file model_37.cif (mmCIF, C-alpha atoms and all ligand atoms)
data_data
#
loop_
_atom_site.label_atom_id
_atom_site.label_comp_id
_atom_site.auth_asym_id
_atom_site.auth_seq_id
_atom_site.Cartn_x
_atom_site.Cartn_y
_atom_site.Cartn_z
CA MET L 1 160.48 -92.95 54.75
CA GLN L 2 159.17 -96.23 53.34
CA GLU L 3 161.52 -98.89 52.07
CA ALA L 4 162.09 -98.93 48.32
CA ILE L 5 160.20 -101.62 46.37
CA LEU L 6 162.62 -101.13 43.45
CA LYS L 7 166.25 -100.10 43.58
CA VAL L 8 168.16 -99.65 40.35
CA THR L 9 171.93 -99.18 40.58
CA ASN L 10 174.26 -98.23 37.74
CA LEU L 11 172.04 -99.82 35.09
CA LYS L 12 173.64 -100.03 31.66
CA LYS L 13 172.44 -101.25 28.30
CA TYR L 14 174.75 -101.02 25.33
CA PHE L 15 173.82 -102.19 21.85
CA LYS L 16 176.63 -103.30 19.56
CA THR L 17 175.89 -102.00 16.08
CA LYS L 18 177.87 -101.73 12.84
CA LYS L 19 178.51 -98.05 13.58
CA GLY L 20 179.81 -98.77 17.07
CA THR L 21 178.46 -99.18 20.59
CA VAL L 22 175.16 -97.42 21.32
CA HIS L 23 175.15 -96.25 24.95
CA ALA L 24 171.36 -96.45 25.26
CA VAL L 25 171.41 -96.58 29.08
CA ASP L 26 174.67 -95.62 30.70
CA GLY L 27 174.76 -95.85 34.48
CA VAL L 28 171.26 -95.04 35.69
CA SER L 29 170.46 -95.26 39.43
CA PHE L 30 167.25 -94.54 41.35
CA SER L 31 164.83 -96.14 43.77
CA ILE L 32 161.04 -96.03 44.15
CA GLU L 33 158.93 -96.46 47.25
CA LYS L 34 155.91 -98.74 47.16
CA GLY L 35 152.79 -97.06 45.79
CA LYS L 36 154.70 -94.14 44.24
CA THR L 37 155.33 -93.02 40.69
CA LEU L 38 158.69 -92.09 39.23
CA GLY L 39 158.35 -90.16 35.96
CA ILE L 40 161.25 -90.65 33.53
CA VAL L 41 161.31 -87.75 31.11
CA GLY L 42 163.48 -86.81 28.14
CA GLU L 43 163.61 -86.43 24.37
CA SER L 44 163.00 -89.35 22.08
CA GLY L 45 166.05 -91.61 21.88
CA CYS L 46 167.48 -90.69 25.31
CA GLY L 47 167.05 -94.25 26.62
CA LYS L 48 163.77 -94.12 28.57
CA SER L 49 162.19 -97.21 27.02
CA THR L 50 165.40 -99.17 27.16
CA THR L 51 165.66 -98.35 30.88
CA GLY L 52 162.11 -99.65 31.44
CA ARG L 53 162.71 -102.76 29.41
CA ALA L 54 166.08 -103.50 31.01
CA ILE L 55 164.46 -103.30 34.47
CA LEU L 56 161.95 -105.97 33.37
CA ARG L 57 164.68 -107.84 31.50
CA LEU L 58 162.73 -107.57 28.27
CA VAL L 59 166.18 -106.55 27.05
CA GLU L 60 169.18 -108.02 28.89
CA PRO L 61 171.02 -105.29 30.84
CA THR L 62 174.72 -104.96 30.05
CA ASP L 63 175.54 -104.16 33.68
CA GLY L 64 174.02 -102.96 36.93
CA GLU L 65 171.65 -104.12 39.63
CA VAL L 66 167.84 -104.10 39.68
CA ILE L 67 166.59 -105.12 43.11
CA PHE L 68 162.84 -105.73 43.26
CA GLU L 69 161.57 -106.64 46.73
CA GLY L 70 165.03 -107.92 47.67
CA ILE L 71 165.62 -110.01 44.52
CA ASP L 72 168.16 -109.00 41.89
CA VAL L 73 166.19 -109.19 38.63
CA THR L 74 169.41 -109.13 36.58
CA LYS L 75 170.59 -112.38 38.23
CA ALA L 76 167.21 -114.15 38.49
CA ASP L 77 167.08 -117.64 37.03
CA LYS L 78 164.27 -118.75 34.72
CA LYS L 79 161.94 -119.76 37.56
CA GLN L 80 162.53 -116.59 39.59
CA LEU L 81 162.11 -114.49 36.46
CA SER L 82 158.75 -115.99 35.61
CA ALA L 83 157.56 -115.24 39.17
CA LEU L 84 158.96 -111.70 38.91
CA ARG L 85 157.20 -111.19 35.58
CA ARG L 86 153.86 -111.61 37.35
CA ASP L 87 154.74 -108.80 39.75
CA MET L 88 156.40 -106.54 37.18
CA GLN L 89 154.40 -105.59 34.12
CA ILE L 90 154.48 -103.09 31.26
CA VAL L 91 151.90 -100.94 29.45
CA PHE L 92 153.01 -99.87 25.96
CA GLN L 93 152.19 -96.80 23.88
CA ASP L 94 150.62 -98.97 21.20
CA PRO L 95 149.54 -102.15 22.92
CA PHE L 96 148.61 -103.90 19.67
CA SER L 97 151.62 -103.36 17.47
CA SER L 98 152.83 -106.86 18.30
CA VAL L 99 149.64 -108.86 18.89
CA ASN L 100 147.52 -110.90 16.53
CA PRO L 101 144.92 -108.53 15.02
CA ARG L 102 142.44 -111.41 14.84
CA MET L 103 142.23 -111.66 18.64
CA THR L 104 139.12 -110.27 20.33
CA VAL L 105 139.10 -108.03 23.41
CA SER L 106 138.37 -111.00 25.67
CA GLN L 107 141.09 -113.17 24.08
CA LEU L 108 143.61 -110.35 24.44
CA ILE L 109 142.82 -109.83 28.11
CA ALA L 110 142.75 -113.58 28.74
CA GLU L 111 146.10 -114.18 27.04
CA PRO L 112 148.35 -113.54 30.08
CA LEU L 113 146.11 -115.81 32.19
CA VAL L 114 146.32 -118.58 29.60
CA VAL L 115 150.07 -118.22 28.96
CA ASN L 116 150.81 -118.30 32.70
CA LYS L 117 148.37 -121.21 33.24
CA ILE L 118 146.65 -119.37 36.10
CA TYR L 119 143.50 -121.48 35.93
CA LYS L 120 143.82 -125.21 35.27
CA GLY L 121 141.50 -128.15 34.75
CA ARG L 122 137.71 -128.26 34.86
CA GLY L 123 135.97 -124.94 35.18
CA SER L 124 139.03 -123.02 34.04
CA LYS L 125 137.21 -121.66 30.96
CA GLN L 126 134.54 -120.13 33.17
CA GLN L 127 137.15 -118.81 35.64
CA ILE L 128 139.02 -117.09 32.81
CA GLU L 129 135.80 -115.61 31.48
CA ASP L 130 134.87 -114.30 34.94
CA ARG L 131 138.33 -112.83 35.45
CA VAL L 132 138.28 -111.16 32.02
CA LEU L 133 134.90 -109.56 32.80
CA GLU L 134 136.19 -108.44 36.18
CA LEU L 135 139.25 -106.86 34.52
CA MET L 136 137.04 -105.17 31.91
CA ASP L 137 135.02 -103.62 34.76
CA THR L 138 138.21 -102.58 36.55
CA VAL L 139 139.52 -100.64 33.56
CA GLY L 140 136.11 -99.25 32.53
CA LEU L 141 135.56 -101.28 29.36
CA ALA L 142 131.88 -101.97 28.66
CA ARG L 143 131.10 -105.70 28.76
CA ARG L 144 129.39 -105.46 25.37
CA LEU L 145 132.89 -105.07 23.87
CA TYR L 146 133.82 -108.60 24.98
CA ASN L 147 133.84 -109.99 21.43
CA SER L 148 134.98 -106.82 19.65
CA TYR L 149 138.27 -106.45 17.85
CA PRO L 150 140.74 -103.76 18.93
CA HIS L 151 140.73 -102.14 15.49
CA GLU L 152 137.03 -101.42 15.99
CA LEU L 153 137.78 -99.38 19.12
CA ASP L 154 139.17 -95.89 19.72
CA GLY L 155 142.63 -95.29 21.17
CA GLY L 156 141.40 -94.83 24.74
CA ARG L 157 139.55 -98.16 24.79
CA ARG L 158 142.50 -99.90 23.17
CA GLN L 159 144.75 -98.56 25.90
CA ARG L 160 142.25 -99.80 28.51
CA ILE L 161 142.75 -103.29 27.03
CA GLY L 162 146.52 -102.84 27.36
CA ILE L 163 146.07 -101.86 31.01
CA ALA L 164 143.73 -104.83 31.65
CA ARG L 165 146.37 -107.18 30.18
CA ALA L 166 149.00 -105.69 32.46
CA LEU L 167 146.69 -106.04 35.49
CA ALA L 168 145.68 -109.63 34.72
CA MET L 169 148.46 -111.13 36.87
CA ASN L 170 147.85 -108.80 39.84
CA PRO L 171 151.20 -107.03 39.50
CA LYS L 172 152.80 -104.79 42.11
CA PHE L 173 154.82 -102.69 39.71
CA ILE L 174 154.13 -101.41 36.18
CA VAL L 175 156.39 -99.70 33.67
CA CYS L 176 154.08 -97.34 31.78
CA ASP L 177 155.91 -96.62 28.52
CA GLU L 178 154.39 -93.50 26.92
CA PRO L 179 150.90 -94.89 27.64
CA VAL L 180 149.01 -91.74 26.62
CA SER L 181 151.31 -90.23 23.99
CA ALA L 182 149.27 -91.50 21.06
CA LEU L 183 145.93 -90.32 22.50
CA ASP L 184 143.91 -87.12 22.13
CA VAL L 185 144.38 -84.74 25.05
CA SER L 186 140.85 -85.30 26.45
CA ILE L 187 141.33 -89.07 26.36
CA GLN L 188 144.80 -88.73 27.86
CA ALA L 189 143.19 -87.25 30.98
CA GLN L 190 140.73 -90.16 31.24
CA ILE L 191 143.48 -92.75 30.99
CA LEU L 192 145.72 -90.89 33.45
CA ASN L 193 142.81 -90.68 35.91
CA LEU L 194 142.15 -94.40 35.49
CA MET L 195 145.80 -95.21 36.12
CA LYS L 196 145.84 -93.00 39.21
CA GLU L 197 142.68 -94.67 40.58
CA LEU L 198 144.17 -98.11 39.94
CA GLN L 199 147.36 -97.07 41.67
CA ASN L 200 145.42 -96.06 44.76
CA SER L 201 143.06 -99.04 44.87
CA LEU L 202 145.67 -101.70 43.99
CA GLN L 203 148.69 -100.04 45.66
CA LEU L 204 150.63 -100.11 42.42
CA THR L 205 154.10 -98.66 41.94
CA TYR L 206 154.75 -97.04 38.56
CA ILE L 207 157.58 -95.93 36.37
CA PHE L 208 155.93 -93.51 33.98
CA ILE L 209 157.96 -92.89 30.83
CA THR L 210 157.13 -89.84 28.74
CA HIS L 211 158.77 -87.25 26.48
CA ASN L 212 156.16 -84.74 27.71
CA LEU L 213 156.86 -83.20 31.11
CA SER L 214 153.36 -81.75 31.40
CA VAL L 215 151.85 -85.27 31.38
CA VAL L 216 153.67 -86.27 34.58
CA ASN L 217 153.18 -82.95 36.32
CA HIS L 218 150.03 -84.09 38.15
CA PHE L 219 150.83 -87.77 38.08
CA ALA L 220 154.34 -88.49 39.31
CA ASP L 221 155.72 -88.15 42.83
CA GLU L 222 159.26 -87.79 41.61
CA ILE L 223 160.77 -86.98 38.21
CA ALA L 224 164.03 -88.18 36.71
CA VAL L 225 165.19 -86.24 33.65
CA MET L 226 167.19 -88.34 31.22
CA TYR L 227 169.62 -87.18 28.57
CA LEU L 228 171.64 -89.49 26.31
CA GLY L 229 171.48 -92.54 28.55
CA SER L 230 172.05 -90.75 31.88
CA LEU L 231 169.97 -89.01 34.51
CA VAL L 232 170.80 -85.31 34.63
CA GLU L 233 168.30 -84.31 37.33
CA LYS L 234 166.01 -86.02 39.82
CA ALA L 235 163.66 -84.39 42.31
CA PRO L 236 160.17 -84.51 43.80
CA VAL L 237 157.75 -83.22 41.15
CA LYS L 238 156.90 -79.85 42.70
CA GLU L 239 160.52 -79.16 43.54
CA LEU L 240 161.54 -79.93 39.94
CA PHE L 241 158.89 -77.66 38.44
CA ASP L 242 159.59 -74.85 40.94
CA HIS L 243 163.39 -75.08 40.84
CA PRO L 244 164.64 -76.77 37.67
CA MET L 245 168.43 -76.63 37.88
CA HIS L 246 169.98 -78.52 34.99
CA PRO L 247 170.11 -76.41 31.80
CA TYR L 248 168.45 -79.28 29.94
CA THR L 249 165.54 -79.49 32.40
CA GLN L 250 165.15 -75.72 32.24
CA ALA L 251 164.87 -75.93 28.46
CA LEU L 252 162.38 -78.82 28.63
CA LEU L 253 160.21 -76.91 31.09
CA SER L 254 160.32 -73.69 29.14
CA ALA L 255 159.07 -75.56 26.08
CA ILE L 256 155.80 -76.55 27.80
CA PRO L 257 153.07 -74.38 26.28
CA VAL L 258 151.33 -72.11 28.79
CA PRO L 259 148.08 -70.25 28.06
CA GLU L 260 149.57 -66.80 28.72
CA ILE L 261 153.17 -65.90 28.12
CA THR L 262 154.45 -62.97 30.12
CA GLU L 263 157.49 -60.99 29.13
CA ASN L 264 159.84 -63.00 31.33
CA GLU L 265 158.73 -66.42 30.19
CA GLU L 266 160.82 -66.90 27.11
CA GLU L 267 161.35 -70.34 25.71
CA ILE L 268 164.93 -71.52 26.21
CA LEU L 269 165.95 -73.09 22.93
CA ILE L 270 168.47 -75.89 22.99
CA LYS L 271 171.04 -75.30 20.29
CA GLY L 272 172.40 -78.00 18.01
CA GLU L 273 171.46 -81.59 17.43
CA ILE L 274 171.24 -84.27 20.07
CA THR L 275 174.66 -86.00 20.21
CA SER L 276 174.74 -89.50 18.75
CA PRO L 277 174.69 -92.15 21.48
CA VAL L 278 177.31 -94.13 19.54
CA ASN L 279 180.83 -94.23 21.06
CA LEU L 280 180.20 -91.29 23.40
CA PRO L 281 183.17 -89.27 24.66
CA GLU L 282 183.77 -89.07 28.42
CA GLU L 283 182.52 -85.53 28.89
CA CYS L 284 179.24 -84.05 30.06
CA ARG L 285 176.66 -85.48 27.66
CA PHE L 286 175.00 -82.08 27.31
CA TYR L 287 178.31 -80.30 26.57
CA SER L 288 177.77 -79.60 22.87
CA ARG L 289 174.32 -78.07 23.40
CA CYS L 290 174.76 -76.27 26.71
CA SER L 291 175.07 -72.48 26.78
CA TYR L 292 176.91 -72.69 30.13
CA ALA L 293 179.49 -75.28 29.02
CA CYS L 294 183.15 -74.57 29.80
CA GLU L 295 186.43 -76.52 29.72
CA LEU L 296 185.61 -78.06 33.10
CA CYS L 297 182.61 -79.82 31.54
CA LYS L 298 184.94 -81.82 29.26
CA LYS L 299 186.60 -83.48 32.24
CA GLY L 300 184.52 -86.62 32.54
CA ARG L 301 180.83 -87.02 33.16
CA PRO L 302 179.36 -85.18 36.17
CA GLU L 303 177.73 -87.35 38.84
CA LEU L 304 174.31 -86.60 40.32
CA GLN L 305 174.84 -84.56 43.49
CA GLU L 306 172.26 -83.46 46.05
CA VAL L 307 171.89 -79.72 45.67
CA ARG L 308 168.72 -79.21 47.72
CA PRO L 309 166.99 -81.79 49.94
CA GLY L 310 165.98 -84.71 47.69
CA HIS L 311 167.02 -82.75 44.59
CA PHE L 312 169.90 -84.22 42.59
CA VAL L 313 171.63 -82.58 39.62
CA ALA L 314 174.49 -83.73 37.38
CA CYS L 315 176.14 -80.46 36.37
CA ARG L 316 179.59 -79.06 37.18
CA ARG L 317 178.38 -75.49 36.80
CA ILE L 318 175.47 -75.89 39.15
CA HIS L 319 176.71 -73.12 41.45
CA ASP L 320 177.41 -70.81 38.53
CA VAL L 321 175.96 -67.34 39.15
CA ARG L 322 174.43 -66.95 35.70
CA MET L 323 172.60 -70.23 36.06
CA GLU L 324 171.37 -69.22 39.53
CA GLU L 325 169.71 -66.16 37.98
CA LYS L 326 167.77 -68.39 35.61
CA ARG L 327 166.50 -70.48 38.47
CA ILE L 328 164.83 -67.72 40.48
P1 LIG F 1 163.52 -93.43 24.19
O1 LIG F 1 162.62 -94.41 24.83
O2 LIG F 1 164.00 -92.37 25.14
O3 LIG F 1 162.95 -92.84 22.94
P2 LIG F 1 165.13 -95.74 23.50
O4 LIG F 1 165.37 -96.38 24.82
O5 LIG F 1 164.07 -96.31 22.64
O6 LIG F 1 164.87 -94.18 23.74
O7 LIG F 1 166.49 -95.73 22.68
C1 LIG F 1 167.72 -95.24 23.23
C2 LIG F 1 168.82 -95.37 22.18
O8 LIG F 1 169.09 -96.76 21.99
C3 LIG F 1 168.46 -94.80 20.82
O9 LIG F 1 169.60 -94.22 20.27
C4 LIG F 1 168.03 -96.02 20.05
O10 LIG F 1 168.24 -95.83 18.67
C5 LIG F 1 168.95 -97.08 20.62
N1 LIG F 1 168.39 -98.44 20.54
C6 LIG F 1 167.25 -98.88 21.14
N2 LIG F 1 167.04 -100.19 20.88
C7 LIG F 1 168.08 -100.57 20.09
C8 LIG F 1 168.45 -101.81 19.48
N3 LIG F 1 167.72 -102.93 19.64
N4 LIG F 1 169.59 -101.84 18.74
C9 LIG F 1 170.35 -100.74 18.59
N5 LIG F 1 170.07 -99.54 19.15
C10 LIG F 1 168.95 -99.46 19.89
#

call {"tool": "encode", "arguments": {"input": "model_37.cif", "output": "structure tokens", "more": "lines below"}}
Ligand code: ADP
result
Amino acid sequence: MQEAILKVTNLKKYFKTKKGTVHAVDGVSFSIEKGKTLGIVGESGCGKSTTGRAILRLVEPTDGEVIFEGIDVTKADKKQLSALRRDMQIVFQDPFSSVNPRMTVSQLIAEPLVVNKIYKGRGSKQQIEDRVLELMDTVGLARRLYNSYPHELDGGRRQRIGIARALAMNPKFIVCDEPVSALDVSIQAQILNLMKELQNSLQLTYIFITHNLSVVNHFADEIAVMYLGSLVEKAPVKELFDHPMHPYTQALLSAIPVPEITENEEEILIKGEITSPVNLPEECRFYSRCSYACELCKKGRPELQEVRPGHFVACRRIHDVRMEEKRI
């Protein structure tokens, strides 16, 4: 087994609000080997984005350790952090929600190079231009779009600009935060293929955040299922799809549309509303919605435990007979 490039231990991010403390990320741990993809999956609001942002320190973690290539990101000083930011990048769902709409494609791709002062002095203008063209080629953007504006382009091309910006600093690791969720299905496949090719050619390590399990099915090496700030299940992708064990994962998987539904493939509906992440009680986070819940589940939060090789589940009733039947 390769050494982990990223090791996250007991990561927490709480937001203090008027209503109380939001437990957005509440003790998340995992590691990723170099060149691999960890998919983080769960419903909207479960803390996926906050996890990604806390790892990059785009939001300050409340607690926990994030070790990237031996350096604790959470304790990095300003200088270390700016070096880490070159290696650790992010691709957003909508890359242009926060950028100046008057910037052209080339200016947008050049921005990280300019901000980080990668090229200095005489000739730097030409070097930036060359690098921007190289990045446009890398992400499959036609050079004729150099002076276009993002609003003139379709979603797929806009996301290619977002990827080029993330690649500009030659990163080793990228948090991909719902990068294809806003795109048509046919374009989703193109962008996923591009990201896979880039991963292979540039040896990139990804965290791929999505609410849609089917998107990571062919993309991730391992999947972590998140519910209300915690991981409830983590396993290699095939293992997770073949043997989902947590009732929440089972429900997520059963909700994926399949072309033909046979008699046995009923959708498992999750009852009730998602619990508010404000001032959470110390019981299993899935308690109020779980059809297997019992008194035992109220006794603190279950830890992830290895149930099959490499397959971790946080559920006290994991050896329950009725749940076993569901898993066959
Ligand atoms: P996801 O990416 O899974 O949709 P988020 O990480 O965006 O979830 O959010 C997790 C929880 O944290 C949600 O309840 C969200 O409302 C809350 N949250 C996120 N950012 C903030 C913030 N800046 N202030 C207060 N609450 C926040």

call {"tool": "closest_atom_pairs", "arguments": {"input": "model_37.cif", "of": "chain L", "to": "ligand LIG 1 (chain F)", "cutoff": "10 Å", "atoms": "all atoms listed in the file", "output": "tab-separated table"}}
result
residue	atom	partner	partner_atom	distance
L:Lys13	CA	F:LIG1	O8	8.4
L:Tyr14	CA	F:LIG1	O8	7.8
L:Phe15	CA	F:LIG1	C9	5.0
L:Lys16	CA	F:LIG1	C9	6.9
L:Thr17	CA	F:LIG1	C9	6.2
L:Lys18	CA	F:LIG1	C9	9.5
L:Lys19	CA	F:LIG1	C9	9.9
L:Gly20	CA	F:LIG1	C9	9.8
L:Thr21	CA	F:LIG1	C9	8.5
L:Val22	CA	F:LIG1	N5	5.9
L:His23	CA	F:LIG1	O8	6.8
L:Ala24	CA	F:LIG1	O8	4.0
L:Val25	CA	F:LIG1	C1	7.0
L:Ile40	CA	F:LIG1	O2	9.0
L:Val41	CA	F:LIG1	O2	8.0
L:Gly42	CA	F:LIG1	O2	6.3
L:Glu43	CA	F:LIG1	O2	6.0
L:Ser44	CA	F:LIG1	O3	3.6
L:Gly45	CA	F:LIG1	O6	3.4
L:Cys46	CA	F:LIG1	O2	3.9
L:Gly47	CA	F:LIG1	O4	3.3
L:Lys48	CA	F:LIG1	O2	3.9
L:Ser49	CA	F:LIG1	O1	3.6
L:Thr50	CA	F:LIG1	O4	3.6
L:Thr51	CA	F:LIG1	O4	6.4
L:Gly52	CA	F:LIG1	O4	8.1
L:Arg53	CA	F:LIG1	O4	8.3
L:Ala54	CA	F:LIG1	O4	9.5
L:Val59	CA	F:LIG1	N3	8.4
L:Asp177	CA	F:LIG1	O1	8.0
L:Glu178	CA	F:LIG1	O1	8.5
L:Ile209	CA	F:LIG1	O1	7.7
L:Thr210	CA	F:LIG1	O1	8.1
L:His211	CA	F:LIG1	O2	7.4
L:Met226	CA	F:LIG1	O2	8.0
L:Tyr227	CA	F:LIG1	O2	8.4
L:Leu228	CA	F:LIG1	C1	7.6
L:Gly229	CA	F:LIG1	C1	7.1
L:Thr275	CA	F:LIG1	O9	9.7
L:Ser276	CA	F:LIG1	O9	7.1
L:Pro277	CA	F:LIG1	O9	5.6
L:Val278	CA	F:LIG1	O9	7.7

call {"tool": "atom_distance", "arguments": {"input": "model_37.cif", "atom1": "atom CA of L:Pro302", "atom2": "atom CA of L:Leu252"}}
result
19.6 Å

call {"tool": "atom_distance", "arguments": {"input": "model_37.cif", "atom1": "atom CA of L:Thr205", "atom2": "atom CA of L:Val91"}}
result
12.9 Å

call {"tool": "residues_around", "arguments": {"input": "model_37.cif", "residues": "L:Ala220", "least_positions_apart": "4", "cutoff": "6 Å", "atoms": "only C-alpha atoms", "output": "ChimeraX atom specification"}}
result
/L:37-39,216

call {"tool": "atom_distance", "arguments": {"input": "model_37.cif", "atom1": "atom CA of L:Leu6", "atom2": "atom CA of L:Gly27"}}
result
16.0 Å

call {"tool": "closest_residue", "arguments": {"input": "model_37.cif", "among": "L:Pro171, L:Gly300, L:Gly35, L:Pro112", "to": "L:Met88", "atoms": "all atoms listed in the file"}}
result
L:Pro171

call {"tool": "residues_around", "arguments": {"input": "model_37.cif", "residues": "stretch 60-68 of chain L", "least_positions_apart": "3", "cutoff": "6 Å", "atoms": "only C-alpha atoms", "output": "list in words"}}
result
Ile5, Leu6, Lys7, Val8, Thr9, Asn10, Leu11, Lys12, Lys13, Ala54, Arg57, Ile71, Asp72 and Val73 of chain L

call {"tool": "residues_around", "arguments": {"input": "model_37.cif", "residues": "stretch 311-314 of chain L", "least_positions_apart": "2", "cutoff": "12 Å", "atoms": "only C-alpha atoms", "output": "MDAnalysis selection string"}}
result
chainID L and resid 28:30 222:227 230:250 283:287 297 300:309 316:319

call {"tool": "closest_atom_pairs", "arguments": {"input": "model_37.cif", "of": "stretch 41-102 of chain L", "to": "stretch 157-167 of chain L", "cutoff": "12 Å", "atoms": "all atoms listed in the file", "output": "JSON lines"}}
result
{"residue": "L:Arg85", "atom": "CA", "partner": "L:Ala166", "partner_atom": "CA", "distance": 10.4}
{"residue": "L:Arg86", "atom": "CA", "partner": "L:Ala166", "partner_atom": "CA", "distance": 9.1}
{"residue": "L:Asp87", "atom": "CA", "partner": "L:Leu167", "partner_atom": "CA", "distance": 9.5}
{"residue": "L:Met88", "atom": "CA", "partner": "L:Ala166", "partner_atom": "CA", "distance": 8.8}
{"residue": "L:Gln89", "atom": "CA", "partner": "L:Ala166", "partner_atom": "CA", "distance": 5.7}
{"residue": "L:Ile90", "atom": "CA", "partner": "L:Ala166", "partner_atom": "CA", "distance": 6.2}
{"residue": "L:Val91", "atom": "CA", "partner": "L:Gly162", "partner_atom": "CA", "distance": 6.1}
{"residue": "L:Phe92", "atom": "CA", "partner": "L:Gly162", "partner_atom": "CA", "distance": 7.3}
{"residue": "L:Gln93", "atom": "CA", "partner": "L:Gln159", "partner_atom": "CA", "distance": 7.9}
{"residue": "L:Asp94", "atom": "CA", "partner": "L:Gln159", "partner_atom": "CA", "distance": 7.5}
{"residue": "L:Pro95", "atom": "CA", "partner": "L:Gly162", "partner_atom": "CA", "distance": 5.4}
{"residue": "L:Phe96", "atom": "CA", "partner": "L:Gly162", "partner_atom": "CA", "distance": 8.0}
{"residue": "L:Ser97", "atom": "CA", "partner": "L:Gly162", "partner_atom": "CA", "distance": 11.1}
{"residue": "L:Ser98", "atom": "CA", "partner": "L:Gly162", "partner_atom": "CA", "distance": 11.7}
{"residue": "L:Val99", "atom": "CA", "partner": "L:Gly162", "partner_atom": "CA", "distance": 10.8}

call {"tool": "closest_residue", "arguments": {"input": "model_37.cif", "among": "L:Lys271, L:Lys196, L:Lys78, L:Lys298", "to": "L:Cys176", "atoms": "all atoms listed in the file"}}
result
L:Lys196

call {"tool": "residues_around", "arguments": {"input": "model_37.cif", "residues": "stretch 132-137 of chain L", "least_positions_apart": "4", "cutoff": "10 Å", "atoms": "all atoms listed in the file", "output": "VMD selection string"}}
result
chain L and resid 105 to 111 113 126 to 128 141 to 143 145 to 146 160 to 161 163 to 165 167 to 168

call {"tool": "axis_aligned_box", "arguments": {"input": "model_37.cif", "around": "stretch 95-109 of chain L", "padding_each_side": "5 Å", "output": "lines of an AutoDock Vina configuration file"}}
result
center_x = 145.6
center_y = -107.7
center_z = 21.5
size_x = 24.5
size_y = 21.0
size_z = 23.3

call {"tool": "closest_residue", "arguments": {"input": "model_37.cif", "among": "L:Ser82, L:Ser148, L:Gln203, L:Thr104", "to": "L:Glu33", "atoms": "all atoms listed in the file"}}
result
L:Gln203

call {"tool": "closest_residue", "arguments": {"input": "model_37.cif", "among": "L:Pro281, L:His151, L:Glu295, L:Ile174", "to": "L:Ile207", "atoms": "all atoms listed in the file"}}
result
L:Ile174
